[in-house]
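Single-structure report; data block below.
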Amino acid sequence: MSAGRVPQYPIESVDNALKVLLLLGERSSLRLTEVSQYLGVASSTAHRLLAMLQYRGFVQQDPKSKAYLPGSALTGVAFSILQRFDFRGAVHPYLEQLNSDLRETVHLGMLVGSTVHFVDAIESPQAVRVVSRLGRAMPASSTSTGKALLAGLTNDEVEALYPAERIEGLTDRSIGTRTELLRQLTTVRKRGYATSSEESESGVSSVAVALATGNGPKLAINVALPASRMTRDEEKRIGAALVAVAERASRAVPG
C-alpha cells in the first residue's frame, strides 16, 4: 500500500515500521512470524522492529498469546485525528434518542481493519445494564457492531481481512470460522441489522446497524443489553428502531 512516489532517499527501517502499522490496521492482531514473512526479513529483525514500536506505545503484546495488538499511542493518534471530523458530535444526539426510547446501553463503533473501536457510548439508566465499552477495541467478528460493518464489505474484502479459515473469538459462542462469518453476513445484509448473543462477553446480547457514510469512517450504532432481557420480539423491536435512527444519523455525518 502506498500513497505516492517512492522518495529519493528511502529509509528501509522506517518504511518497514509503517508497513507493520498499516498491516495492523487490517488485522486484529499480528504474530512475529507474520510480520517477518510480510516484510521479507529475518525473525530477529522483525522482533527488533516490534520491540521499538512497543517501546513507543504503538503496539502492545498480549502476555498469553504473545500476539501484537494496537497500542495506546496508535489508537490515541487515530482518535485525535478522527475527532477533527466531529462525526461523534453529529451522531451523539441519535444515541441519546435511542438511549431514552429503549433505556438500554448504546454505542457508536468504528471499523478499523478487522477490529471495532467503540468511540462513543451512553449507558442504560437501569440498575441491571451493560457497562459502556467506550475506548475499547474488540474483534469485529465477535460483535454485532463489527458484523454490521463487515456486511457492508464484499465477500472478497472480508476474505482479505480474514485470510485464514480459523477466526479467534472472545467466548465459546464467538464465530470461529470464516465460512460461518460469511454465512452470517449474508443474513445481516438480508435482515438489515446484525446481532450478537454472548459472543463478545458472557451475559451480553446486542443489535447493531451500520451507517451509510460513503467514503467516510465506517460507523455503526448498537444497542446492548443483558442476555436475559433479549427476547426474539425485543430483538426485532430494537432492530427496527436502529434501522430508522441509522437512516437519519447517516445524513448527519459530515462527508
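Numbering starts fresh at 1 for the residues of each chain in the C-alpha cells, the chains themselves are lettered A, B, ... in the order given, and ligands are numbered from 1 as they appear.
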
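If you count only C-alpha atoms and ignore residues fewer than 3 places along the chain from region 25-28 of chain A, what sits within 6 Å of it is Leu22, Val112, Gly113, Ser114 and Thr115 of chain A.
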
Write to file, as a PDB file, in the first residue's frame, the residues of the selection just made, with N, CA and C atoms.
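Output saved as part24.pdb:
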```pdb
ATOM      1  N   LEU A  22       0.347  -0.335   9.075  1.00  0.00           N
ATOM      2  CA  LEU A  22      -0.716  -0.488   8.080  1.00  0.00           C
ATOM      3  C   LEU A  22      -1.300  -1.900   8.131  1.00  0.00           C
ATOM      4  N   VAL A 112     -11.913  -0.642  12.065  1.00  0.00           N
ATOM      5  CA  VAL A 112     -10.520  -0.410  11.684  1.00  0.00           C
ATOM      6  C   VAL A 112      -9.930  -1.783  11.372  1.00  0.00           C
ATOM      7  N   GLY A 113      -9.775  -2.095  10.094  1.00  0.00           N
ATOM      8  CA  GLY A 113      -9.347  -3.431   9.712  1.00  0.00           C
ATOM      9  C   GLY A 113     -10.376  -4.456  10.134  1.00  0.00           C
ATOM     10  N   SER A 114      -9.971  -5.427  10.922  1.00  0.00           N
ATOM     11  CA  SER A 114     -10.907  -6.443  11.414  1.00  0.00           C
ATOM     12  C   SER A 114     -11.240  -6.217  12.888  1.00  0.00           C
ATOM     13  N   THR A 115     -11.046  -4.974  13.343  1.00  0.00           N
ATOM     14  CA  THR A 115     -11.289  -4.622  14.743  1.00  0.00           C
ATOM     15  C   THR A 115     -12.318  -3.502  14.830  1.00  0.00           C
TER      16      THR A 115
END
```

Item to check | Leu150 (chain A) surroundings by only C-alpha atoms, 9 Å radius, close-in-sequence under 6 positions cut, as a list in words | outcome: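 So the residues in contact are Leu111, Ser114, Ala140, Ser141, Glu157, Val158 and Leu185 of chain A.
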
Put those residues in a file: N, CA and C atoms, as a PDB file, in the first residue's frame.
```pdb
ATOM      1  N   LEU A 111     -15.095   0.698  12.407  1.00  0.00           N
ATOM      2  CA  LEU A 111     -14.320  -0.437  11.917  1.00  0.00           C
ATOM      3  C   LEU A 111     -12.923   0.014  11.505  1.00  0.00           C
ATOM      4  N   SER A 114      -9.971  -5.427  10.922  1.00  0.00           N
ATOM      5  CA  SER A 114     -10.907  -6.443  11.414  1.00  0.00           C
ATOM      6  C   SER A 114     -11.240  -6.217  12.888  1.00  0.00           C
ATOM      7  N   ALA A 140     -13.980  -7.670  15.305  1.00  0.00           N
ATOM      8  CA  ALA A 140     -15.240  -7.346  14.633  1.00  0.00           C
ATOM      9  C   ALA A 140     -16.163  -8.558  14.538  1.00  0.00           C
ATOM     10  N   SER A 141     -15.590  -9.728  14.312  1.00  0.00           N
ATOM     11  CA  SER A 141     -16.402 -10.933  14.115  1.00  0.00           C
ATOM     12  C   SER A 141     -17.122 -11.376  15.372  1.00  0.00           C
ATOM     13  N   GLU A 157     -13.524  -8.641   0.061  1.00  0.00           N
ATOM     14  CA  GLU A 157     -12.898  -7.741   1.031  1.00  0.00           C
ATOM     15  C   GLU A 157     -12.851  -8.379   2.415  1.00  0.00           C
ATOM     16  N   VAL A 158     -13.907  -9.097   2.766  1.00  0.00           N
ATOM     17  CA  VAL A 158     -13.933  -9.791   4.058  1.00  0.00           C
ATOM     18  C   VAL A 158     -12.861 -10.877   4.096  1.00  0.00           C
ATOM     19  N   LEU A 185     -22.966 -12.943   7.616  1.00  0.00           N
ATOM     20  CA  LEU A 185     -23.012 -11.633   6.956  1.00  0.00           C
ATOM     21  C   LEU A 185     -24.073 -11.598   5.865  1.00  0.00           C
TER      22      LEU A 185
END
```

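Closest approach to Val188 (chain A) among A:Ser144, A:Thr75, A:Ser36, A:Gln8 is made by A:Ser144 (distances from only C-alpha atoms).
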
Checklist entry - Contacts of region 118-132 of chain A at 8 Å or less, counting only C-alpha atoms, minus same-chain residues fewer than 6 places along, as a PyMOL selection string? => result chain A and resi 88+92+95-96+99+103-110+204+224-226

Checklist outcome for this item: re CA of Ala227 (chain A) and CA of Gly176 (chain A): distance 20.6 Å

Checklist entry - So which residues touch Ala90 (chain A) within 8 Å, counting only C-alpha atoms, skipping near sequence neighbours fewer than 5 positions away, as a VMD selection string? => result chain A and resid 249 252 to 254

Next on the checklist: Which residues are near Arg31 (chain A)? Cut-off 9 Å, only C-alpha atoms, ignore same chain within fewer than 2 positions. Put them as a PyMOL selection string.
Outcome noted: chain A and resi 29+33-36+66-68

Next on the checklist: When you look at Ala210 (chain A) with a cut-off of 8 Å (counting only C-alpha atoms), what residues show up, excluding the ones that are within fewer than 6 positions of it in the same chain? I need them as JSON, numbers by chain.
Outcome noted: {"A": [145, 148, 149, 152, 193, 218, 219, 220, 221, 246]}

Would you please extract all alpha helix (DSSP H) residues from region 39-241 of chain A, as assigned by DSSP on the backbone, and give them as a compact mmCIF listing (two decimals) with N, CA and C atoms, in the first residue's frame?
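The file below, out.txt, is the result:
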```
# COMPACT_ATOMS: atom_id res chain seq x y z
N LEU A 39 7.24 -8.69 5.73
CA LEU A 39 8.31 -7.75 5.39
C LEU A 39 9.44 -8.42 4.61
N SER A 43 13.43 -13.17 11.43
CA SER A 43 12.62 -13.03 12.65
C SER A 43 13.28 -12.09 13.65
N SER A 44 14.61 -12.11 13.72
CA SER A 44 15.31 -11.23 14.66
C SER A 44 15.12 -9.75 14.29
N THR A 45 15.10 -9.47 12.99
CA THR A 45 14.88 -8.10 12.53
C THR A 45 13.45 -7.65 12.83
N ALA A 46 12.48 -8.54 12.56
CA ALA A 46 11.08 -8.24 12.84
C ALA A 46 10.87 -8.03 14.34
N HIS A 47 11.55 -8.83 15.15
CA HIS A 47 11.42 -8.70 16.60
C HIS A 47 11.94 -7.35 17.08
N ARG A 48 13.08 -6.92 16.56
CA ARG A 48 13.64 -5.61 16.95
C ARG A 48 12.71 -4.48 16.54
N LEU A 49 12.11 -4.61 15.38
CA LEU A 49 11.19 -3.59 14.89
C LEU A 49 9.95 -3.50 15.79
N LEU A 50 9.39 -4.65 16.14
CA LEU A 50 8.21 -4.68 17.01
C LEU A 50 8.55 -4.19 18.41
N ALA A 51 9.74 -4.51 18.87
CA ALA A 51 10.17 -4.06 20.19
C ALA A 51 10.22 -2.53 20.26
N MET A 52 10.69 -1.89 19.19
CA MET A 52 10.75 -0.43 19.16
C MET A 52 9.35 0.18 19.10
N LEU A 53 8.47 -0.43 18.30
CA LEU A 53 7.09 0.05 18.23
C LEU A 53 6.40 -0.12 19.58
N GLN A 54 6.73 -1.21 20.27
CA GLN A 54 6.16 -1.44 21.60
C GLN A 54 6.70 -0.41 22.59
N TYR A 55 7.98 -0.10 22.49
CA TYR A 55 8.60 0.89 23.37
C TYR A 55 7.92 2.25 23.25
N SER A 72 -1.64 2.00 22.86
CA SER A 72 -2.36 3.23 23.23
C SER A 72 -1.92 4.43 22.40
N ALA A 73 -0.64 4.48 22.01
CA ALA A 73 -0.17 5.60 21.20
C ALA A 73 -0.83 5.59 19.82
N LEU A 74 -0.97 4.39 19.25
CA LEU A 74 -1.56 4.27 17.92
C LEU A 74 -3.03 4.66 17.95
N THR A 75 -3.78 4.12 18.91
CA THR A 75 -5.20 4.45 18.99
C THR A 75 -5.40 5.91 19.38
N GLY A 76 -4.48 6.44 20.19
CA GLY A 76 -4.59 7.85 20.57
C GLY A 76 -4.43 8.78 19.39
N VAL A 77 -3.46 8.49 18.54
CA VAL A 77 -3.26 9.29 17.33
C VAL A 77 -4.48 9.19 16.42
N ALA A 78 -4.98 7.96 16.25
CA ALA A 78 -6.14 7.76 15.38
C ALA A 78 -7.35 8.54 15.87
N PHE A 79 -7.62 8.45 17.17
CA PHE A 79 -8.79 9.14 17.72
C PHE A 79 -8.62 10.66 17.65
N SER A 80 -7.39 11.15 17.85
CA SER A 80 -7.15 12.59 17.79
C SER A 80 -7.46 13.13 16.39
N ILE A 81 -7.06 12.37 15.39
CA ILE A 81 -7.32 12.79 14.01
C ILE A 81 -8.81 12.73 13.70
N LEU A 82 -9.44 11.63 14.11
CA LEU A 82 -10.85 11.44 13.79
C LEU A 82 -11.74 12.45 14.51
N GLN A 83 -11.29 12.92 15.68
CA GLN A 83 -12.07 13.91 16.42
C GLN A 83 -12.28 15.18 15.59
N PHE A 87 -17.55 13.47 13.73
CA PHE A 87 -18.68 12.59 13.45
C PHE A 87 -19.35 12.14 14.75
N ARG A 88 -18.58 12.11 15.84
CA ARG A 88 -19.20 11.71 17.11
C ARG A 88 -20.23 12.74 17.57
N GLY A 89 -19.87 14.02 17.40
CA GLY A 89 -20.81 15.06 17.78
C GLY A 89 -22.08 15.01 16.94
N ALA A 90 -21.92 14.65 15.66
CA ALA A 90 -23.08 14.57 14.76
C ALA A 90 -24.00 13.42 15.10
N VAL A 91 -23.42 12.30 15.55
CA VAL A 91 -24.21 11.09 15.81
C VAL A 91 -24.74 11.04 17.24
N HIS A 92 -24.08 11.73 18.16
CA HIS A 92 -24.43 11.62 19.59
C HIS A 92 -25.91 11.87 19.89
N PRO A 93 -26.56 12.87 19.27
CA PRO A 93 -27.98 13.08 19.57
C PRO A 93 -28.84 11.85 19.25
N TYR A 94 -28.44 11.07 18.26
CA TYR A 94 -29.20 9.88 17.89
C TYR A 94 -28.96 8.76 18.91
N LEU A 95 -27.76 8.73 19.49
CA LEU A 95 -27.52 7.80 20.59
C LEU A 95 -28.39 8.17 21.80
N GLU A 96 -28.48 9.47 22.05
CA GLU A 96 -29.32 9.93 23.16
C GLU A 96 -30.78 9.54 22.95
N GLN A 97 -31.25 9.66 21.72
CA GLN A 97 -32.64 9.30 21.41
C GLN A 97 -32.88 7.81 21.67
N LEU A 98 -31.98 6.97 21.16
CA LEU A 98 -32.12 5.53 21.36
C LEU A 98 -32.04 5.16 22.84
N ASN A 99 -31.12 5.78 23.55
CA ASN A 99 -30.97 5.51 24.97
C ASN A 99 -32.23 5.88 25.74
N SER A 100 -32.83 7.00 25.37
CA SER A 100 -34.06 7.45 26.02
C SER A 100 -35.25 6.56 25.67
N ASP A 101 -35.36 6.18 24.40
CA ASP A 101 -36.51 5.38 23.95
C ASP A 101 -36.44 3.93 24.43
N LEU A 102 -35.24 3.35 24.38
CA LEU A 102 -35.09 1.92 24.67
C LEU A 102 -34.59 1.64 26.09
N SER A 144 -21.82 -7.49 17.38
CA SER A 144 -22.87 -7.13 16.42
C SER A 144 -22.45 -5.91 15.61
N THR A 145 -21.75 -4.97 16.26
CA THR A 145 -21.27 -3.77 15.56
C THR A 145 -20.33 -4.16 14.43
N GLY A 146 -19.40 -5.04 14.72
CA GLY A 146 -18.45 -5.49 13.71
C GLY A 146 -19.13 -6.21 12.57
N LYS A 147 -20.07 -7.08 12.88
CA LYS A 147 -20.76 -7.82 11.82
C LYS A 147 -21.59 -6.88 10.95
N ALA A 148 -22.20 -5.88 11.57
CA ALA A 148 -22.98 -4.91 10.78
C ALA A 148 -22.07 -4.17 9.79
N LEU A 149 -20.86 -3.85 10.23
CA LEU A 149 -19.91 -3.13 9.38
C LEU A 149 -19.27 -4.04 8.34
N LEU A 150 -18.94 -5.26 8.71
CA LEU A 150 -18.36 -6.21 7.76
C LEU A 150 -19.36 -6.55 6.66
N ASN A 155 -17.65 -9.93 -0.15
CA ASN A 155 -17.05 -11.15 0.40
C ASN A 155 -15.54 -11.19 0.15
N ASP A 156 -15.11 -10.68 -1.00
CA ASP A 156 -13.67 -10.66 -1.30
C ASP A 156 -12.93 -9.77 -0.30
N GLU A 157 -13.52 -8.64 0.06
CA GLU A 157 -12.90 -7.74 1.03
C GLU A 157 -12.85 -8.38 2.42
N VAL A 158 -13.91 -9.10 2.77
CA VAL A 158 -13.93 -9.79 4.06
C VAL A 158 -12.86 -10.88 4.10
N GLU A 159 -12.75 -11.62 3.00
CA GLU A 159 -11.74 -12.69 2.94
C GLU A 159 -10.32 -12.13 3.02
N ALA A 160 -10.11 -10.93 2.52
CA ALA A 160 -8.79 -10.30 2.62
C ALA A 160 -8.47 -9.95 4.08
N LEU A 161 -9.51 -9.58 4.85
CA LEU A 161 -9.31 -9.28 6.26
C LEU A 161 -9.09 -10.54 7.08
N ARG A 178 -14.17 -18.55 9.08
CA ARG A 178 -14.51 -17.57 8.05
C ARG A 178 -15.78 -17.98 7.31
N THR A 179 -15.97 -19.27 7.11
CA THR A 179 -17.18 -19.76 6.44
C THR A 179 -18.42 -19.35 7.19
N GLU A 180 -18.40 -19.52 8.52
CA GLU A 180 -19.55 -19.14 9.34
C GLU A 180 -19.75 -17.63 9.33
N LEU A 181 -18.65 -16.88 9.35
CA LEU A 181 -18.75 -15.42 9.29
C LEU A 181 -19.44 -14.97 8.01
N LEU A 182 -19.03 -15.50 6.88
CA LEU A 182 -19.62 -15.13 5.59
C LEU A 182 -21.11 -15.51 5.56
N ARG A 183 -21.45 -16.65 6.16
CA ARG A 183 -22.85 -17.07 6.19
C ARG A 183 -23.68 -16.08 7.00
N GLN A 184 -23.16 -15.67 8.16
CA GLN A 184 -23.90 -14.73 8.99
C GLN A 184 -24.00 -13.35 8.33
N LEU A 185 -22.97 -12.94 7.62
CA LEU A 185 -23.01 -11.63 6.96
C LEU A 185 -24.07 -11.60 5.87
N THR A 186 -24.30 -12.73 5.21
CA THR A 186 -25.37 -12.82 4.21
C THR A 186 -26.72 -12.56 4.88
N THR A 187 -26.91 -13.12 6.07
CA THR A 187 -28.15 -12.91 6.83
C THR A 187 -28.29 -11.45 7.24
N VAL A 188 -27.19 -10.84 7.68
CA VAL A 188 -27.22 -9.43 8.09
C VAL A 188 -27.65 -8.55 6.91
N ARG A 189 -27.12 -8.81 5.73
CA ARG A 189 -27.46 -8.00 4.56
C ARG A 189 -28.94 -8.12 4.22
N LYS A 190 -29.50 -9.30 4.37
CA LYS A 190 -30.92 -9.50 4.06
C LYS A 190 -31.82 -8.88 5.13
N ARG A 191 -31.42 -9.02 6.39
CA ARG A 191 -32.26 -8.58 7.51
C ARG A 191 -32.15 -7.09 7.79
N ARG A 232 -36.86 -12.71 21.28
CA ARG A 232 -36.94 -12.57 19.82
C ARG A 232 -37.72 -11.31 19.45
N ASP A 233 -38.82 -11.05 20.15
CA ASP A 233 -39.61 -9.85 19.87
C ASP A 233 -38.82 -8.58 20.18
N GLU A 234 -38.03 -8.62 21.28
CA GLU A 234 -37.24 -7.45 21.65
C GLU A 234 -36.15 -7.19 20.60
N GLU A 235 -35.57 -8.26 20.08
CA GLU A 235 -34.55 -8.11 19.03
C GLU A 235 -35.15 -7.41 17.82
N LYS A 236 -36.33 -7.83 17.40
CA LYS A 236 -36.97 -7.22 16.24
C LYS A 236 -37.31 -5.75 16.50
N ARG A 237 -37.80 -5.47 17.72
CA ARG A 237 -38.16 -4.09 18.07
C ARG A 237 -36.93 -3.19 18.05
N ILE A 238 -35.84 -3.65 18.63
CA ILE A 238 -34.61 -2.87 18.66
C ILE A 238 -34.05 -2.72 17.24
N GLY A 239 -34.10 -3.80 16.47
CA GLY A 239 -33.61 -3.73 15.10
C GLY A 239 -34.34 -2.69 14.27
N ALA A 240 -35.67 -2.67 14.40
CA ALA A 240 -36.47 -1.69 13.66
C ALA A 240 -36.14 -0.27 14.10
N ALA A 241 -35.97 -0.07 15.40
CA ALA A 241 -35.64 1.26 15.92
C ALA A 241 -34.26 1.71 15.41
```

Checklist entry - Just how far from CA of Leu24 (chain A) is CA of Gly192 (chain A), in Å to one decimal? => result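 We find that CA of Gly192 (chain A) and CA of Leu24 (chain A) lie 29.0 Å from each other.
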
Checklist entry - Using the chain letters and numbers from this document, which residues of region 62-221 of chain A does DSSP assign to strand (DSSP E or B), as a ChimeraX atom specification? => result /A:68-70,105-112,115-122,137-139,166,177,194-197,204-210,219-221

Any chance you can output those residues with C-alpha atoms as a PDB file, in the first residue's frame?
```
ATOM      1  CA  TYR A  68       0.894  -7.954  18.966  1.00  0.00           C
ATOM      2  CA  LEU A  69      -2.115  -5.621  19.261  1.00  0.00           C
ATOM      3  CA  PRO A  70      -2.654  -1.880  18.647  1.00  0.00           C
ATOM      4  CA  THR A 105     -26.812   0.984  26.659  1.00  0.00           C
ATOM      5  CA  VAL A 106     -25.941   2.332  23.208  1.00  0.00           C
ATOM      6  CA  HIS A 107     -22.580   2.554  21.424  1.00  0.00           C
ATOM      7  CA  LEU A 108     -21.072   4.102  18.331  1.00  0.00           C
ATOM      8  CA  GLY A 109     -18.421   1.822  16.829  1.00  0.00           C
ATOM      9  CA  MET A 110     -15.872   2.294  14.068  1.00  0.00           C
ATOM     10  CA  LEU A 111     -14.320  -0.437  11.917  1.00  0.00           C
ATOM     11  CA  VAL A 112     -10.520  -0.410  11.684  1.00  0.00           C
ATOM     12  CA  THR A 115     -11.289  -4.622  14.743  1.00  0.00           C
ATOM     13  CA  VAL A 116     -14.122  -2.492  16.120  1.00  0.00           C
ATOM     14  CA  HIS A 117     -13.241   0.570  18.207  1.00  0.00           C
ATOM     15  CA  PHE A 118     -16.026   1.931  20.410  1.00  0.00           C
ATOM     16  CA  VAL A 119     -15.794   5.714  20.150  1.00  0.00           C
ATOM     17  CA  ASP A 120     -18.953   6.882  21.933  1.00  0.00           C
ATOM     18  CA  ALA A 121     -21.431   5.375  24.379  1.00  0.00           C
ATOM     19  CA  ILE A 122     -24.312   6.116  26.754  1.00  0.00           C
ATOM     20  CA  ALA A 137     -11.241  -2.363  20.746  1.00  0.00           C
ATOM     21  CA  MET A 138     -12.685  -5.823  20.022  1.00  0.00           C
ATOM     22  CA  PRO A 139     -12.599  -8.358  17.177  1.00  0.00           C
ATOM     23  CA  ARG A 166      -9.984 -20.139  11.661  1.00  0.00           C
ATOM     24  CA  THR A 177     -14.525 -19.812  11.085  1.00  0.00           C
ATOM     25  CA  ALA A 194     -26.700  -7.673  12.983  1.00  0.00           C
ATOM     26  CA  THR A 195     -26.975  -9.466  16.312  1.00  0.00           C
ATOM     27  CA  SER A 196     -24.633 -10.923  18.903  1.00  0.00           C
ATOM     28  CA  SER A 197     -25.670 -13.314  21.658  1.00  0.00           C
ATOM     29  CA  VAL A 204     -24.443  -9.676  26.921  1.00  0.00           C
ATOM     30  CA  SER A 205     -26.575  -9.503  23.772  1.00  0.00           C
ATOM     31  CA  SER A 206     -26.721  -6.702  21.228  1.00  0.00           C
ATOM     32  CA  VAL A 207     -28.171  -5.493  17.951  1.00  0.00           C
ATOM     33  CA  ALA A 208     -26.371  -3.163  15.519  1.00  0.00           C
ATOM     34  CA  VAL A 209     -26.934  -1.276  12.271  1.00  0.00           C
ATOM     35  CA  ALA A 210     -24.261   0.325  10.087  1.00  0.00           C
ATOM     36  CA  LEU A 219     -19.549   3.528  11.632  1.00  0.00           C
ATOM     37  CA  ALA A 220     -22.342   1.558  13.268  1.00  0.00           C
ATOM     38  CA  ILE A 221     -24.686   2.054  16.211  1.00  0.00           C
TER      39      ILE A 221
END
```
